[in-house]
Structures are given as C-alpha cells and as structure tokens.
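So this one's work.cif, mmCIF, C-alpha atoms:
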data_work
loop_
_atom_site.label_atom_id
_atom_site.label_comp_id
_atom_site.auth_asym_id
_atom_site.auth_seq_id
_atom_site.Cartn_x
_atom_site.Cartn_y
_atom_site.Cartn_z
CA MET A 1 19.44 -10.26 -12.66
CA SER A 2 19.01 -9.02 -16.18
CA GLY A 3 16.20 -10.01 -18.51
CA LYS A 4 12.61 -10.81 -17.78
CA ARG A 5 11.70 -13.71 -15.57
CA LYS A 6 9.73 -16.73 -16.53
CA LEU A 7 6.23 -16.64 -15.16
CA GLY A 8 6.20 -18.57 -11.95
CA LEU A 9 4.62 -21.80 -11.15
CA GLY A 10 2.19 -21.81 -8.30
CA LYS A 11 0.47 -23.98 -5.79
CA VAL A 12 0.19 -27.70 -5.95
CA LYS A 13 -2.97 -28.77 -7.72
CA SER A 14 -4.68 -31.71 -6.10
CA LYS A 15 -7.32 -33.96 -7.55
CA LYS A 16 -10.84 -32.67 -7.37
CA GLN A 17 -12.99 -34.27 -4.75
CA LYS A 18 -15.91 -36.10 -6.27
CA VAL A 19 -19.28 -35.18 -4.89
CA GLU A 20 -22.19 -37.52 -5.30
CA GLY A 21 -25.71 -36.40 -4.78
CA SER A 22 -28.74 -35.04 -6.51
CA GLY A 23 -30.95 -32.04 -6.24
CA ASP A 24 -30.34 -28.40 -6.93
CA GLY A 25 -26.98 -26.63 -6.91
CA LEU A 26 -27.31 -25.50 -3.31
CA ASP A 27 -27.86 -29.03 -2.10
CA GLU A 28 -24.80 -30.17 -4.02
CA LYS A 29 -22.66 -27.43 -2.44
CA LYS A 30 -23.87 -28.39 1.02
CA GLU A 31 -23.11 -32.03 0.30
CA GLN A 32 -19.66 -31.06 -0.94
CA LEU A 33 -18.91 -29.13 2.22
CA LEU A 34 -20.08 -32.04 4.33
CA THR A 35 -17.93 -34.44 2.36
CA VAL A 36 -14.90 -32.18 2.78
CA GLU A 37 -15.35 -32.04 6.54
CA LEU A 38 -15.74 -35.79 6.97
CA ALA A 39 -13.02 -36.81 4.53
CA LYS A 40 -10.11 -35.90 6.83
CA GLU A 41 -8.96 -38.52 9.31
CA VAL A 42 -8.64 -36.32 12.34
CA ASN A 43 -9.42 -36.69 16.00
CA PRO A 44 -13.13 -35.82 16.35
CA ASN A 45 -12.40 -34.57 19.86
CA ASP A 46 -9.71 -32.13 18.72
CA PRO A 47 -11.24 -28.98 17.19
CA LEU A 48 -7.84 -27.61 16.17
CA ALA A 49 -6.98 -30.81 14.31
CA GLN A 50 -10.32 -30.63 12.52
CA LEU A 51 -9.66 -27.00 11.61
CA VAL A 52 -6.23 -27.83 10.20
CA GLY A 53 -7.76 -30.67 8.18
CA LEU A 54 -10.39 -28.39 6.71
CA TRP A 55 -7.79 -25.73 5.92
CA HIS A 56 -5.61 -28.28 4.12
CA THR A 57 -8.64 -29.33 2.11
CA TRP A 58 -8.98 -25.74 0.94
CA LYS A 59 -5.27 -25.25 0.23
CA ASN A 60 -4.86 -28.54 -1.63
CA GLY A 61 -8.12 -28.31 -3.55
CA GLU A 62 -9.46 -26.23 -6.39
CA ARG A 63 -9.94 -23.11 -4.23
CA ASP A 64 -13.14 -22.28 -6.04
CA ASN A 65 -15.68 -22.98 -3.30
CA GLU A 66 -16.37 -20.11 -0.93
CA LEU A 67 -18.35 -22.48 1.31
CA ILE A 68 -15.17 -24.23 2.40
CA LEU A 69 -13.61 -20.93 3.43
CA ASN A 70 -16.79 -19.97 5.23
CA GLY A 71 -16.51 -23.24 7.11
CA VAL A 72 -12.92 -22.48 8.10
CA ILE A 73 -13.76 -18.96 9.27
CA ASN A 74 -16.89 -20.06 11.14
CA GLU A 75 -14.90 -22.74 12.93
CA CYS A 76 -12.21 -20.18 13.85
CA ASP A 77 -14.91 -17.89 15.22
CA ARG A 78 -16.44 -20.73 17.20
CA ILE A 79 -13.12 -21.91 18.65
CA ILE A 80 -12.00 -18.47 19.75
CA ARG A 81 -15.43 -17.80 21.29
CA ASN A 82 -15.72 -21.10 23.16
CA CYS A 83 -12.16 -21.69 24.38
CA VAL A 84 -11.57 -21.50 28.12
CA GLU A 85 -9.08 -18.63 27.92
CA ASN A 86 -11.85 -16.47 26.45
CA GLY A 87 -14.47 -17.52 29.00
CA GLY A 88 -15.81 -20.54 27.15
CA ASP A 89 -16.06 -24.14 28.29
CA GLU A 90 -13.86 -25.91 25.70
CA GLU A 91 -10.32 -26.92 26.64
CA ILE A 92 -8.68 -25.60 23.48
CA LYS A 93 -5.19 -24.14 23.56
CA LEU A 94 -4.87 -21.64 20.73
CA ASN A 95 -1.54 -21.89 18.90
CA ASP A 96 0.26 -19.94 16.17
CA GLU A 97 -1.14 -22.21 13.47
CA PHE A 98 -4.67 -21.27 14.52
CA TYR A 99 -3.99 -17.56 14.03
CA SER A 100 -2.14 -18.25 10.79
CA ILE A 101 -5.13 -20.14 9.38
CA TYR A 102 -7.60 -17.55 10.68
CA GLY A 103 -5.81 -14.65 9.02
CA GLN A 104 -5.16 -16.41 5.70
CA ALA A 105 -8.74 -17.66 5.45
CA LEU A 106 -10.07 -14.11 5.86
CA SER A 107 -7.60 -12.95 3.23
CA ASP A 108 -8.51 -15.71 0.77
CA ILE A 109 -12.24 -15.17 1.09
CA SER A 110 -11.77 -11.50 0.16
CA LYS A 111 -11.24 -12.68 -3.42
CA PHE A 112 -14.87 -13.79 -3.52
CA LYS A 113 -16.17 -10.44 -2.27
CA PRO A 114 -17.18 -7.27 -4.16
CA GLU A 115 -14.36 -4.79 -4.67
CA ASP A 116 -15.77 -2.35 -2.12
CA GLU A 117 -15.67 -5.05 0.59
CA MET A 118 -12.27 -6.59 -0.09
CA LYS A 119 -10.26 -4.07 1.90
CA GLU A 120 -12.22 -4.73 5.11
CA TRP A 121 -11.70 -8.48 4.85
CA ILE A 122 -7.98 -8.05 4.24
CA GLU A 123 -7.60 -5.65 7.15
CA ASN A 124 -9.42 -8.15 9.40
CA ALA A 125 -6.94 -10.77 8.21
CA PHE A 126 -4.01 -8.60 9.28
CA GLU A 127 -5.67 -8.08 12.68
CA ARG A 128 -5.81 -11.84 13.32
CA ILE A 129 -2.10 -12.16 12.56
CA GLU A 130 -1.36 -9.27 14.92
CA SER A 131 -3.33 -11.06 17.64
CA GLY A 132 -1.09 -14.05 17.03
CA PHE A 133 2.04 -11.90 17.27
CA ASP A 134 0.76 -10.52 20.60
CA LYS A 135 0.57 -14.05 22.00
CA PHE A 136 3.58 -15.71 20.38
CA GLY A 137 6.00 -12.88 19.66
CA LYS A 138 6.92 -10.79 16.66
CA ASP A 139 9.62 -13.28 15.66
CA ASN A 140 7.18 -16.15 15.07
CA VAL A 141 8.08 -17.54 11.64
CA ARG A 142 4.72 -19.15 10.89
CA LEU A 143 2.90 -15.89 11.53
CA LYS A 144 5.43 -13.89 9.50
CA LEU A 145 4.85 -16.17 6.52
CA ALA A 146 1.10 -15.84 7.01
CA ARG A 147 1.45 -12.07 6.93
CA CYS A 148 3.49 -12.44 3.74
CA SER A 149 0.57 -14.29 2.19
CA ILE A 150 -1.88 -11.54 3.13
CA LEU A 151 0.50 -8.87 1.81
CA LEU A 152 0.50 -10.59 -1.59
CA THR A 153 -3.29 -10.64 -1.61
CA LYS A 154 -3.36 -6.96 -0.75
CA ILE A 155 -0.85 -6.09 -3.47
CA GLY A 156 -2.73 -8.06 -6.09
CA SER A 157 -6.31 -7.25 -5.17
CA LEU A 158 -6.21 -3.72 -3.78
CA TYR A 159 -3.38 -2.32 -5.87
CA ILE A 160 -2.38 -4.02 -9.14
CA GLY A 161 -5.84 -5.44 -9.73
CA GLN A 162 -7.34 -1.95 -9.58
CA MET A 163 -4.87 -0.24 -11.91
CA THR A 164 -5.11 0.89 -15.51
CA ILE A 165 -2.43 2.26 -17.79
CA ASP A 166 -3.43 5.77 -16.71
CA SER A 167 -3.19 5.18 -12.95
CA LYS A 168 -1.12 7.63 -10.90
CA LYS A 169 1.12 7.09 -7.87
CA GLU A 170 -1.01 9.32 -5.68
CA GLU A 171 -3.95 6.94 -6.21
CA PHE A 172 -2.01 3.92 -4.93
CA LYS A 173 0.30 5.18 -2.22
CA GLY A 174 2.44 2.71 -0.31
CA LEU A 175 2.74 -0.01 -2.95
CA LYS A 176 6.53 -0.18 -2.96
CA GLU A 177 6.48 -0.30 0.85
CA LEU A 178 4.30 -3.42 0.64
CA PHE A 179 6.79 -5.11 -1.69
CA ASP A 180 9.60 -4.12 0.66
CA GLU A 181 7.74 -5.43 3.71
CA PHE A 182 7.24 -8.77 1.99
CA THR A 183 10.95 -9.12 1.19
CA GLN A 184 11.89 -8.07 4.73
CA LEU A 185 9.50 -10.53 6.39
CA TRP A 186 10.67 -13.33 4.13
CA ASN A 187 14.34 -12.66 4.86
CA GLU A 188 13.63 -12.46 8.59
CA SER A 189 11.79 -15.78 8.43
CA VAL A 190 14.70 -17.42 6.63
CA LYS A 191 17.19 -16.09 9.18
CA SER A 192 15.06 -17.27 12.11
CA ALA A 193 14.78 -20.73 10.60
CA GLU A 194 18.52 -20.89 10.05
CA ASP A 195 19.29 -19.65 13.56
CA LYS A 196 17.02 -22.30 15.08
CA LYS A 197 18.00 -24.91 12.48
CA ASP A 198 14.30 -25.61 12.03
CA TYR A 199 13.43 -25.79 8.35
CA THR A 200 10.05 -27.48 8.71
CA LEU A 201 8.04 -24.65 7.17
CA PHE A 202 10.49 -24.39 4.28
CA LYS A 203 9.67 -27.90 3.15
CA GLU A 204 6.00 -27.06 2.64
CA GLU A 205 4.48 -26.23 -0.71
CA SER A 206 2.43 -23.46 0.87
CA THR A 207 5.67 -21.63 1.70
CA LEU A 208 7.04 -22.13 -1.80
CA GLU A 209 3.76 -20.77 -3.10
CA LEU A 210 4.58 -17.39 -1.57
CA LEU A 211 7.62 -17.07 -3.83
CA ASN A 212 5.60 -18.30 -6.79
CA ILE A 213 2.90 -15.67 -6.29
CA PHE A 214 5.53 -12.98 -5.74
CA ASP A 215 7.07 -14.03 -9.06
CA ASP A 216 3.67 -13.85 -10.75
CA LEU A 217 3.19 -10.32 -9.45
CA LEU A 218 6.63 -9.27 -10.71
CA ASP A 219 5.78 -10.76 -14.09
CA ILE A 220 2.59 -8.71 -14.25
CA VAL A 221 4.51 -5.59 -13.28
CA ASP A 222 7.11 -6.27 -16.00
CA LYS A 223 4.47 -6.74 -18.68
CA PHE A 224 2.10 -3.99 -17.59
CA GLY A 225 1.25 -1.77 -20.53
CA HIS A 226 3.20 -3.64 -23.21
CA GLN A 227 1.67 -4.73 -26.48
CA ASN A 228 0.21 -8.23 -26.63
CA THR A 229 0.95 -8.74 -22.97
CA GLU A 230 -0.72 -11.80 -21.58
CA VAL A 231 -0.27 -13.13 -18.09
CA VAL A 232 -0.48 -16.89 -18.44
CA ASP A 233 -1.41 -18.76 -15.34
CA SER A 234 0.59 -21.89 -14.65
CA ASP A 235 -2.51 -24.04 -15.13
CA ASP A 236 -2.31 -23.29 -18.84
CA GLU A 237 1.13 -24.86 -19.09
CA GLU A 238 1.27 -27.60 -16.46
CA GLU A 239 -0.64 -30.86 -16.48
CA GLU A 240 -2.58 -32.18 -13.53
CA GLY A 241 -0.33 -33.47 -10.80
CA GLU A 242 2.36 -30.83 -11.30
CA VAL A 243 2.93 -27.84 -9.09
CA GLU A 244 0.70 -25.14 -10.57
CA ARG A 245 -1.60 -22.26 -9.70
CA GLU A 246 -5.36 -22.09 -9.98
CA GLU A 247 -7.27 -19.66 -12.14
CA LYS A 248 -8.89 -18.28 -9.00
CA ASP A 249 -5.49 -17.05 -7.86
CA GLU A 250 -4.80 -15.10 -11.04
CA ILE A 251 -4.47 -11.36 -10.58
CA ASP A 252 -7.12 -9.49 -12.54
CA THR A 253 -5.44 -6.47 -14.05
CA LYS A 254 -8.56 -5.23 -15.86
CA ASN A 255 -7.78 -3.76 -19.25
CA ALA A 256 -4.23 -2.76 -18.47
CA LEU A 257 -2.72 -5.89 -20.00
CA GLU A 258 -4.76 -5.62 -23.19
CA VAL A 259 -3.81 -2.11 -24.30
CA GLY A 260 -1.55 -1.24 -27.19
CA ASP A 261 2.18 -0.77 -27.13
CA LEU A 262 2.32 1.78 -24.33
CA GLU A 263 5.04 2.36 -21.78
CA ILE A 264 3.86 3.30 -18.33
CA SER A 265 4.81 6.82 -17.27
CA GLU A 266 7.20 7.70 -14.46
CA ASP A 267 4.16 8.74 -12.45
CA HIS A 268 2.58 5.32 -12.74
CA PRO A 269 2.47 3.40 -9.42
CA LEU A 270 4.26 0.42 -10.98
CA TYR A 271 7.06 2.39 -12.60
CA ASP A 272 9.52 2.31 -9.69
CA ILE A 273 9.01 -1.42 -9.17
CA GLN A 274 9.34 -2.11 -12.89
CA GLN A 275 12.67 -0.28 -12.92
CA ASP A 276 14.01 -1.90 -9.74
CA ASP A 277 15.79 -5.16 -10.54
CA SER A 278 16.44 -5.84 -6.85
CA TYR A 279 13.07 -7.60 -6.57
CA ASN A 280 14.03 -10.03 -9.33
CA GLU A 281 17.35 -10.63 -7.61
CA PHE A 282 15.55 -11.16 -4.30
CA TRP A 283 13.34 -13.77 -5.91
CA ARG A 284 16.30 -15.64 -7.42
CA GLN A 285 18.29 -15.66 -4.18
CA SER A 286 15.20 -16.67 -2.20
CA MET A 287 14.55 -19.61 -4.53
CA LEU A 288 18.16 -20.72 -4.20
CA LYS A 289 17.90 -20.46 -0.42
CA PHE A 290 14.60 -22.36 -0.43
CA LYS A 291 16.30 -25.12 -2.45
CA GLU A 292 19.02 -25.29 0.17
CA MET A 293 16.62 -25.30 3.12
CA MET A 294 14.13 -27.81 1.74
CA GLY A 295 16.82 -30.50 1.70
CA ASN A 296 16.32 -33.96 0.23
CA GLU A 297 13.38 -35.05 2.34
CA VAL A 298 10.80 -32.98 0.53
CA ASP A 299 7.78 -33.74 -1.61
CA LYS A 300 8.89 -34.65 -5.13
CA LYS A 301 6.50 -32.14 -6.72
CA VAL A 302 7.87 -29.31 -4.61
CA ALA A 303 11.48 -30.14 -5.49
CA LYS A 304 10.60 -30.47 -9.16
CA SER A 305 8.93 -27.06 -9.14
CA VAL A 306 11.94 -25.40 -7.50
CA PHE A 307 14.43 -26.87 -9.96
CA GLU A 308 12.27 -26.09 -12.97
CA LYS A 309 11.68 -22.52 -11.89
CA LEU A 310 15.38 -21.93 -11.29
CA GLY A 311 16.28 -23.46 -14.63
CA GLN A 312 13.81 -21.32 -16.53
CA SER A 313 14.95 -18.20 -14.71
CA TYR A 314 18.56 -18.72 -15.83
CA LEU A 315 17.37 -19.28 -19.40
CA MET A 316 15.47 -16.00 -19.28
CA GLU A 317 18.50 -14.20 -17.91
CA ALA A 318 20.57 -15.61 -20.77
CA GLU A 319 18.30 -14.02 -23.38
CA ASP A 320 20.01 -10.60 -23.37
CA PRO A 321 23.61 -11.75 -23.93
CA ILE A 322 22.42 -14.36 -26.44
CA ALA A 323 20.46 -11.74 -28.37
CA PHE A 324 23.53 -9.48 -28.51
CA PHE A 325 25.73 -12.34 -29.74
CA SER A 326 23.16 -13.57 -32.27
CA SER A 327 22.43 -10.16 -33.76
CA TYR A 328 26.14 -9.57 -34.39
CA LYS A 329 26.59 -13.06 -35.83
CA TYR A 330 23.67 -12.83 -38.25
CA GLU A 331 24.52 -9.27 -39.22
CA ARG A 332 27.95 -10.42 -40.36
CA GLU A 333 26.44 -13.32 -42.26
CA GLU A 334 23.93 -11.09 -44.06
CA GLU A 335 26.53 -8.50 -44.97
CA GLY A 336 28.89 -11.21 -46.20
CA GLU A 337 31.88 -9.96 -44.29
CA GLU A 338 35.06 -11.93 -44.82
CA GLU A 339 36.67 -13.68 -41.91
CA GLY A 340 39.83 -11.66 -42.19
CA GLU A 341 38.18 -8.27 -42.55
CA GLU A 342 39.27 -5.71 -40.00
CA GLU A 343 36.93 -5.28 -37.06
CA GLU A 344 37.09 -3.28 -33.94
CA GLU A 345 38.70 -5.38 -31.26
CA GLU A 346 36.44 -3.86 -28.66
CA MET A 347 33.30 -5.09 -30.43
CA LYS A 348 34.74 -8.54 -31.02
CA GLU A 349 35.61 -8.82 -27.34
CA ALA A 350 32.12 -7.69 -26.30
CA VAL A 351 30.52 -10.27 -28.58
CA GLU A 352 32.71 -13.05 -27.24
CA ASN A 353 31.99 -12.02 -23.66
CA ALA A 354 28.27 -12.12 -24.44
CA ARG A 355 28.63 -15.61 -25.88
CA ARG A 356 30.50 -16.84 -22.82
CA GLU A 357 28.00 -15.26 -20.44
CA GLY A 358 25.15 -16.83 -22.39
CA MET A 359 26.81 -20.25 -22.20
CA ARG A 360 27.43 -19.86 -18.48
CA LEU A 361 23.81 -19.03 -17.78
CA VAL A 362 22.50 -21.84 -19.99
CA GLU A 363 24.82 -24.27 -18.22
CA GLU A 364 23.27 -23.17 -14.93
CA ALA A 365 19.81 -23.61 -16.42
CA LEU A 366 20.65 -27.12 -17.61
CA LYS A 367 21.95 -28.04 -14.17
CA TYR A 368 18.57 -27.32 -12.61
CA LEU A 369 16.41 -28.54 -15.50
CA ARG A 370 18.18 -31.91 -15.34
CA GLN A 371 17.33 -32.11 -11.65
CA ALA A 372 13.69 -31.38 -12.54
CA HIS A 373 13.70 -34.32 -14.99
CA ASP A 374 10.73 -36.58 -14.39
CA GLU A 375 10.39 -39.91 -16.20
CA GLU A 376 6.63 -39.52 -16.12
CA ASP A 377 6.55 -35.95 -17.47
CA PRO A 378 7.57 -35.40 -21.12
CA LYS A 379 7.52 -31.64 -20.61
CA THR A 380 10.62 -31.91 -18.42
CA TRP A 381 12.43 -33.79 -21.21
CA ALA A 382 11.49 -31.07 -23.70
CA ASN A 383 12.67 -28.35 -21.31
CA ILE A 384 16.12 -29.93 -21.23
CA ALA A 385 16.11 -30.35 -25.01
CA GLU A 386 15.26 -26.72 -25.67
CA ALA A 387 18.04 -25.59 -23.34
CA LEU A 388 20.47 -27.91 -25.12
CA ILE A 389 19.51 -26.39 -28.47
CA THR A 390 20.14 -22.91 -27.08
CA TYR A 391 23.46 -24.15 -25.70
CA GLY A 392 24.44 -25.65 -29.05
CA ASN A 393 23.62 -22.44 -30.87
CA LEU A 394 26.31 -20.69 -28.85
CA MET A 395 29.02 -23.18 -29.77
CA GLU A 396 31.37 -23.18 -32.72
CA LEU A 397 29.55 -24.24 -35.87
CA ASP A 398 29.80 -27.99 -36.60
CA SER A 399 32.01 -28.57 -33.58
CA LYS A 400 31.92 -31.88 -31.74
CA GLU A 401 30.39 -30.17 -28.69
CA GLN A 402 27.63 -28.63 -30.79
CA GLU A 403 26.81 -31.95 -32.44
CA GLU A 404 26.62 -33.67 -29.04
CA ALA A 405 24.25 -31.01 -27.67
CA TYR A 406 21.98 -31.23 -30.71
CA LEU A 407 22.01 -35.03 -30.68
CA GLU A 408 20.97 -35.23 -27.03
CA ALA A 409 18.28 -32.64 -27.67
CA GLU A 410 16.99 -34.62 -30.65
CA LYS A 411 16.73 -37.83 -28.63
CA LEU A 412 14.84 -36.10 -25.84
CA LEU A 413 12.50 -34.32 -28.25
CA ARG A 414 11.72 -37.48 -30.22
CA ARG A 415 10.85 -39.26 -27.02
CA ALA A 416 8.73 -36.36 -25.75
CA ASN A 417 7.04 -35.99 -29.14
CA ASN A 418 6.10 -39.66 -29.24
CA ALA A 419 4.82 -39.60 -25.68
CA THR A 420 2.62 -36.55 -26.37
CA HIS A 421 1.42 -37.64 -29.82
CA GLY A 422 3.15 -34.87 -31.75
CA HIS A 423 3.09 -31.97 -29.30
CA TYR A 424 6.76 -31.14 -30.01
CA GLU A 425 6.64 -31.79 -33.75
CA GLU A 426 7.40 -28.21 -34.74
CA ILE A 427 10.49 -27.72 -32.61
CA LEU A 428 11.77 -31.18 -33.57
CA GLU A 429 11.33 -30.36 -37.26
CA SER A 430 13.23 -27.09 -36.87
CA LEU A 431 16.10 -29.02 -35.28
CA VAL A 432 16.47 -31.98 -37.65
CA GLY A 433 14.55 -30.90 -40.75
CA GLY A 434 11.22 -32.22 -41.98
CA ASP A 435 12.76 -34.99 -44.07
CA LYS A 436 14.39 -36.57 -41.00
CA LEU A 437 11.32 -36.85 -38.78
#

Entire entry expressed as structure tokens:
Amino acid sequence: MSGKRKLGLGKVKSKKQKVEGSGDGLDEKKEQLLTVELAKEVNPNDPLAQLVGLWHTWKNGERDNELILNGVINECDRIIRNCVENGGDEEIKLNDEFYSIYGQALSDISKFKPEDEMKEWIENAFERIESGFDKFGKDNVRLKLARCSILLTKIGSLYIGQMTIDSKKEEFKGLKELFDEFTQLWNESVKSAEDKKDYTLFKEESTLELLNIFDDLLDIVDKFGHQNTEVVDSDDEEEEGEVEREEKDEIDTKNALEVGDLEISEDHPLYDIQQDDSYNEFWRQSMLKFKEMMGNEVDKKVAKSVFEKLGQSYLMEAEDPIAFFSSYKYEREEEGEEEGEEEEEEMKEAVENARREGMRLVEEALKYLRQAHDEEDPKTWANIAEALITYGNLMELDSKEQEEAYLEAEKLLRRANNATHGHYEEILESLVGGDKL
C-alpha cells in the first residue's frame, strides 16, 4: 500500500462517571473507586463477574485512574490466591478471560510507573498470559489477543517511547521481531476464529482497538524524524461519543518528533520498519477482514470507526498518483503548452494511468465513507464531501460528472457548516467562492 496512512482512531470513549463527595483529593479518589465497583450490575456472589465488570469500567472509561487498575490487579491476586484449585476455600473456576484481564491490567498499569519499573510490570503481564496458555492451550484466541495488546504496550513504552533521532539498532534489539510476532498472533487468531466460525471476539471494540493502536504506532514510525511531525491523538479530532483514543494511550516519543527535517539513518532501530510497507498492507487487510468478521450485528460506533478508517486509508493511498497527475497538469498550464503540442506518449500514458488509479482509490474511499455516514455527526458528511471534491478534481474539466461531484459535495458541506456553526467555512469557500456562501 503506497502512501502514508491516516492516523488511526482508537478506543471507544465513554462518558465520564460523575463522582459526588467532598474532602481532599484522596477521599475523592477512594469514593470514585467505590462508585466504580458498585455501579456494575453483577452477581455479588460471583467474583469473576465482578472482576469483568470492574475491567470493563476501566476499558470503557477515561483510563486515567490508576486506582481502578490497582483494584483489578488486587482482585486478580485475591481470586488466584483463594480459589480451591490453589488451596483456597472459594469455589472459583479460573477461565481464559481471567488470565486475559490479569495480564492486560498489569500491562496497562505499567504506563503509570517510572521508566525503570515499566519493564518488570510488562514482563509480569506476559507471565500471566503464559499461565493462561498452560491451562487453556496455545491456540486460545482470547489469550493470543491479550498477548497482542501487551506486545503493543511493550513496543510503545520500552522501544519507541525511549528513542531519539540518534538511537541505534544495537540499543533496541528485537523490535522488528515484536512487530512480526504481533502480525503472526493476529493472523493466527483470525484463522482460528474462521475455522471455528466463532467471531464473538471480532465484534468487540477492544479487539478493534488493537488494530487502531498498531496503526498509531506505524504512523509514529512513518513520521519519526521528519520536520513538523506531530502525532495527533484521535481525541483531538473526534467528538465525544465517537470511537477514539485517550491521551493516556498516546505514545510518548520524547523529542524525536520535534526535531528538524532529519531522516533517520539506516542504523536507526525504526529504519527497517519505516521502509517495510508490508506492515501497512497487513493493517489494511486486517481491517478489511475485521469488517467481514464483525458482520451486521455489531455496535454502531465500532462499525462506523471501521468504515471511516478504511475510507481514509484509501484516500491516503490515492495521494501519490493524484500528486503525480496534478503536478503534470499544472506544469502544462503554467508553461502554456498547446493542446496539440507533441508530447512523449509514454509520459501521457503514465499520467493517465495515475489519474485512473487515483479515481479508483477515491471511489473505494467513498464506498466506505458513505457507510460511515452518521446523521448525527456532521464530520462524516464533511468526510464524504472532501472525498467528492478530490474525485471531481480528477475528472474532465466542466464535465457533467465533475459538476455532479462538486454539487453533492457543496450540499454536504453547507449542511455540515450550518450544523457546526461555520467549522467548514474555509473549505466551502474554496469550493464555491466567497461570493456564493
């Protein structure tokens, strides 16, 4: 897949839980933790159900309160210590979900720890998943996906997050192997789900989040060392209620993304990944497969995120052929070449092929962006409009098809602009002209 990818969306952002109470900050945090535990309607006699409820509270919340994670980990410790199979007196049957939660909670809490402690927490997380594999088999899909999650944390926190523009491969050995392990585990999980015809886990937003974070990491790798590089978290672009990632999940790349226009050297640990387009292709194919596996009975926000991400990825891929076509077109206009002037047939054919490829990719983008259309979200209308403008720019000047594309784009942009009180004024003005607003 050529071209750079659009920065991925992330996890579903849920509404903040309101915490009432007075007193100092510590009392408020304790009250918040208590509220979180009691808010879930779970069987009070089922410790595993309570654990799952608390974990979901963490996953669906702001992910900014270490106390919630501490609660999850403490409950995991208590359950594993007190269950009958470990010599305790509680009739608790440990399942794969327990080990999945245990490992991911240890991984997530590492982000709150000092840098010199993060590795130990992450290694402990891997150990819990291995314990799960020992009990439920190496082919357990839930545990494979949990390991994928921990791998992403390790890549972001212990590798990319520690790098500068001057980092060397010998300082960060094994990074590419971690990327490869993630792709292998993901593909194995997909195959297992298809073989068993059980797609339950591939309808969950937490599974989609793995691809979103992987995409974020690839975006950071692509931009690492380039001038004016800024990794924008999805929270900056998506409104509340959409699928998006939290600031706490951003990957801190220190000063490496703020340096001047520097290319990383061949000895940089990110160089091989930056040059390997197979990871981008893996992401695209995995998103398409996720779309297929999630089916129609899936949360609307998850489906919307998948379609929007796919649409934006095709638009990004279209940038290279469009740029080639546009540069040739404007160069001819500036030089005032006559229509009948002799040109090399080879160049003319290359330009036309670029135009056709650009149109094909934008058509694919429009297909998915239309499926992401949400009557309550003006941003989705504007996304379609911008793709239509790009599409129209590739058509014959003043043709009927071009006019239709621009007209539909104008209608969508006017509606989105009105709904957002002028947010799309600039792009609308560039389309129709200031005197027609």

On this file, the PyMOL selection byres ((chain A and resi 148) around 8) gives some set of residues; write that set as a ChimeraX atom specification. /A:144-147,149-152,182,185-186,210

Suppose a student applies the PyMOL selection byres ((chain A and resi 96-111) around 6) to this structure; what residues should they get, written as a list in words?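 Checking the PyMOL selection byres ((chain A and resi 96-111) around 6) against this file, the residues are Asn95, Phe112, Lys113, Met118, Trp121, Ile122, Ala125, Arg128, Ile129, Gly132, Leu143, Ala146 and Ile150 of chain A.
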
Which is closest to Lys176 in chain A among A:Asp215, A:Asp272, A:Asp46, A:Glu127, if we use all atoms listed in the file? A:Asp272

Range 418-422 of chain A environment, 12 Å, only C-alpha atoms, sequence neighbours closer than 4 positions dropped, as a VMD selection string: chain A and resid 239 375 to 379 381 to 382 411 to 414 426 to 429 437

What do you get, as a PDB file with C-alpha atoms, keeping the file's coordinate frame, if you spell out every residue that the PyMOL selection byres ((chain A and resi 79-86) around 12) selects here?
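Once written, expr38.pdb looks like this:
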ATOM      1  CA  ASP A  46      -9.710 -32.130  18.720  1.00  0.00           C
ATOM      2  CA  PRO A  47     -11.240 -28.980  17.190  1.00  0.00           C
ATOM      3  CA  LEU A  48      -7.840 -27.610  16.170  1.00  0.00           C
ATOM      4  CA  ALA A  49      -6.980 -30.810  14.310  1.00  0.00           C
ATOM      5  CA  GLN A  50     -10.320 -30.630  12.520  1.00  0.00           C
ATOM      6  CA  LEU A  51      -9.660 -27.000  11.610  1.00  0.00           C
ATOM      7  CA  VAL A  72     -12.920 -22.480   8.100  1.00  0.00           C
ATOM      8  CA  ILE A  73     -13.760 -18.960   9.270  1.00  0.00           C
ATOM      9  CA  ASN A  74     -16.890 -20.060  11.140  1.00  0.00           C
ATOM     10  CA  GLU A  75     -14.900 -22.740  12.930  1.00  0.00           C
ATOM     11  CA  CYS A  76     -12.210 -20.180  13.850  1.00  0.00           C
ATOM     12  CA  ASP A  77     -14.910 -17.890  15.220  1.00  0.00           C
ATOM     13  CA  ARG A  78     -16.440 -20.730  17.200  1.00  0.00           C
ATOM     14  CA  GLY A  87     -14.470 -17.520  29.000  1.00  0.00           C
ATOM     15  CA  GLY A  88     -15.810 -20.540  27.150  1.00  0.00           C
ATOM     16  CA  ASP A  89     -16.060 -24.140  28.290  1.00  0.00           C
ATOM     17  CA  GLU A  90     -13.860 -25.910  25.700  1.00  0.00           C
ATOM     18  CA  GLU A  91     -10.320 -26.920  26.640  1.00  0.00           C
ATOM     19  CA  ILE A  92      -8.680 -25.600  23.480  1.00  0.00           C
ATOM     20  CA  LYS A  93      -5.190 -24.140  23.560  1.00  0.00           C
ATOM     21  CA  LEU A  94      -4.870 -21.640  20.730  1.00  0.00           C
ATOM     22  CA  ASN A  95      -1.540 -21.890  18.900  1.00  0.00           C
ATOM     23  CA  PHE A  98      -4.670 -21.270  14.520  1.00  0.00           C
ATOM     24  CA  TYR A  99      -3.990 -17.560  14.030  1.00  0.00           C
ATOM     25  CA  TYR A 102      -7.600 -17.550  10.680  1.00  0.00           C
ATOM     26  CA  ARG A 128      -5.810 -11.840  13.320  1.00  0.00           C
ATOM     27  CA  SER A 131      -3.330 -11.060  17.640  1.00  0.00           C
TER      28      SER A 131
END

Any idea what the distance is between CA of Leu178 in chain A and CA of Arg284 in chain A? 18.9 Å

Given the choices A:Phe325, A:Phe202, A:Tyr279, A:Tyr368, which gets closest to Met294 in chain A if the distance is worked out from only C-alpha atoms?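 Using only C-alpha atoms, Met294 in chain A sits closest to A:Phe202.
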
Restricting the calculation to all atoms listed in the file, which member of A:Ile273, A:Glu177, A:Thr164, A:Glu292 is positioned closest to Gly225 in chain A? A:Thr164

Using only C-alpha atoms, which residue out of A:Met293, A:Leu394, A:Met287, A:Ile220 lies closest to Pro321 in chain A?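 Smallest separation from Pro321 in chain A among the options: A:Leu394.
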
Env of Ala372 in chain A: 10 Å cut, atoms = all atoms listed in the file, seq-sep filter 5 positions within chain, self excluded. Answer as a PyMOL selection string. chain A and resi 300-301+303-311+366-367+377+380-381+383-384

Can you measure CA of Glu66 in chain A to CA of Asn45 in chain A for me? One decimal in Å is fine. 25.6 Å
